[in-house]
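Asker: Structure below; questions to follow.
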Amino acid sequence: MAPWRMAVMLAICIATSALTSAPVFAADESPMPKLDIGKGGKCVDDPKFMRKNHMDVLKHQRDETMRQGIRGGKYSLAACVDCHASKKNNSVLGSNENFCQGCHEYVEVKIDCFECHSSKRKVVAEVSK
Ligand code: HEC
Ligand code: HEC
Ligand code: HEC
């Protein structure tokens, strides 16, 4: 191949890679919102594990409850909400600081769980404990 052709191809290559990587850089620059972790204490599992696997363990526990009637498992959605709800509005939703909503807006993954499940801490139960 003639050297000038190589140069043209290289130029095209650099130009397109700059184009395609631009949006990635934009995403990297927008910081992850600071999440309101909620009540504190200890997560039901290692936070690193939870960050990666919470969807699977939640769905697994849901299936066990719905299909086999097994209750009181380790990965209860009600328990996540109870602990992770913000002290400001007692919810895991509401703003980009709220635990489930904040990260999910950031990663752009929709969750429909709270159409049925409560996103609020059971304040009354909490107080009467
Ligand atoms: C008793 C309180 C408590 C319960 C119950 C609890 N968590 Fe956590 N969770 C925490 C705390 C505190 C952290 C932060 C730990 C840290 O960063 O060291 C955390 C961290 C996490 C993280 C990682 C967040 C991040 O920024 O990386 C995820 C995801 C998570 N929890 C999901 C869940 C889910 C889903 C449930 C229910 C199955 C749940 N948690 C139940 C207290 C709890
Ligand atoms: C159409 C309504 C509906 C939707 C949407 C829904 N659930 Fe459920 N879920 C239920 C009902 C009803 C139960 C049974 C409640 C019980 O018997 O305790 C249940 C039970 C569960 C349980 C077991 C009880 C517990 O708290 O441990 C988990 C876990 C669960 N759902 C997770 C989820 C997750 C995660 C999503 C979103 C991906 C979701 N659900 C979406 C209706 C729904
Ligand atoms: C630190 C970030 C983070 C936090 C906090 C977080 N999630 Fe997620 N969640 C994710 C990511 C990322 C995915 C998508 C993972 C994938 O697709 O592989 C996800 C996926 C899910 C899914 C599966 C969605 C689907 O359609 O398959 C459910 C259900 C879910 N999260 C529930 C929750 C609930 C409930 C909370 C609050 C208790 C929560 N998440 C908090 C990052 C987070």
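Note on naming: chains are A, B, ... as they come in the structure tokens, residues start from 1 per chain, ligands start from 1 in the order shown.
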Each residue of chain A lying at most 12 Å from ligand 2 should get a row with its shortest atom-to-atom pair and the distance in Å to one decimal, counting only C-alpha atoms and all ligand atoms; could you produce that, ordered by chain and increasing number, as a Markdown table?
Answerer:
| residue | atom | partner | partner_atom_place_in_ligand_line | distance |
| --- | --- | --- | --- | --- |
| A:Asn53 | CA | ligand 2 | 35 (C) | 11.7 |
| A:His54 | CA | ligand 2 | 35 (C) | 8.6 |
| A:Met55 | CA | ligand 2 | 35 (C) | 6.6 |
| A:Asp56 | CA | ligand 2 | 35 (C) | 8.4 |
| A:Val57 | CA | ligand 2 | 29 (C) | 7.9 |
| A:Leu58 | CA | ligand 2 | 29 (C) | 4.8 |
| A:Lys59 | CA | ligand 2 | 35 (C) | 5.2 |
| A:His60 | CA | ligand 2 | 29 (C) | 7.3 |
| A:Gln61 | CA | ligand 2 | 29 (C) | 4.7 |
| A:Arg62 | CA | ligand 2 | 28 (C) | 3.6 |
| A:Asp63 | CA | ligand 2 | 22 (C) | 7.3 |
| A:Glu64 | CA | ligand 2 | 23 (C) | 7.4 |
| A:Thr65 | CA | ligand 2 | 23 (C) | 5.1 |
| A:Met66 | CA | ligand 2 | 14 (C) | 6.0 |
| A:Arg67 | CA | ligand 2 | 14 (C) | 9.8 |
| A:Gln68 | CA | ligand 2 | 17 (O) | 10.6 |
| A:Gly69 | CA | ligand 2 | 17 (O) | 7.5 |
| A:Ile70 | CA | ligand 2 | 23 (C) | 8.3 |
| A:Arg71 | CA | ligand 2 | 24 (C) | 6.7 |
| A:Gly72 | CA | ligand 2 | 27 (O) | 6.6 |
| A:Gly73 | CA | ligand 2 | 27 (O) | 6.3 |
| A:Lys74 | CA | ligand 2 | 27 (O) | 7.7 |
| A:Tyr75 | CA | ligand 2 | 27 (O) | 6.0 |
| A:Ser76 | CA | ligand 2 | 27 (O) | 3.1 |
| A:Leu77 | CA | ligand 2 | 26 (O) | 4.1 |
| A:Ala78 | CA | ligand 2 | 26 (O) | 4.5 |
| A:Ala79 | CA | ligand 2 | 26 (O) | 6.8 |
| A:Cys80 | CA | ligand 2 | 26 (O) | 8.4 |
| A:Val81 | CA | ligand 2 | 26 (O) | 9.3 |
| A:Asp82 | CA | ligand 2 | 26 (O) | 10.5 |
| A:Cys100 | CA | ligand 2 | 35 (C) | 11.3 |
| A:Val109 | CA | ligand 2 | 38 (C) | 11.1 |
| A:Lys110 | CA | ligand 2 | 38 (C) | 9.2 |
| A:Ile111 | CA | ligand 2 | 37 (C) | 5.9 |
| A:Asp112 | CA | ligand 2 | 37 (C) | 5.2 |
| A:Cys113 | CA | ligand 2 | 37 (C) | 3.2 |
| A:Phe114 | CA | ligand 2 | 5 (C) | 6.6 |
| A:Glu115 | CA | ligand 2 | 5 (C) | 5.5 |
| A:Cys116 | CA | ligand 2 | 2 (C) | 4.3 |
| A:His117 | CA | ligand 2 | 7 (N) | 6.0 |
| A:Ser118 | CA | ligand 2 | 26 (O) | 9.8 |
| A:Ser119 | CA | ligand 2 | 36 (C) | 11.2 |
Asker: Quick one: of A:Glu108, A:Ile37, A:Pro47, A:Lys42, who's nearest to Ser91 in chain A, counting only C-alpha atoms?
Answerer: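 Nearest candidate to Ser91 in chain A out of A:Glu108, A:Ile37, A:Pro47, A:Lys42: A:Ile37.
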Asker: So, with only C-alpha atoms and all ligand atoms as the atoms that count, which of A:Lys48, A:Lys87, A:Ser95, A:Gly40 lies closest to ligand 3?
Answerer: A:Lys48
Asker: From the set A:Gly38, A:Val44, A:Pro31, A:Cys103, which residue has the shortest atom-to-atom contact distance to Asn90 in chain A, counting only C-alpha atoms?
Answerer: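 Nearest candidate to Asn90 in chain A out of A:Gly38, A:Val44, A:Pro31, A:Cys103: A:Gly38.
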Asker: Smallest atom-to-atom distance to ligand 3: which of A:Lys120, A:His104, A:Asn96, A:Asp45, using only C-alpha atoms and all ligand atoms?
Answerer: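 Closest to ligand 3 of all the choices is A:His104.
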Asker: I'd like the interatomic distance between atom 7 (N, counted along the ligand's line) of ligand 1 and CA of Leu35 in chain A, to a tenth of an Å.
Answerer: 12.8 Å
Asker: For ligand 3, which residue out of A:Arg51, A:Glu105, A:Ser30, A:Asp36 is the nearest one, using only C-alpha atoms and all ligand atoms?
Answerer: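 Counting only C-alpha atoms and all ligand atoms, the residue closest to ligand 3 is A:Arg51.
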Asker: Kindly indicate which residue among A:Lys39, A:Lys122, A:Asp46, A:Val107 lies nearest to Ser86 in chain A, using only C-alpha atoms for the distances.
Answerer: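 Under the stated criterion, the closest residue is A:Lys39.
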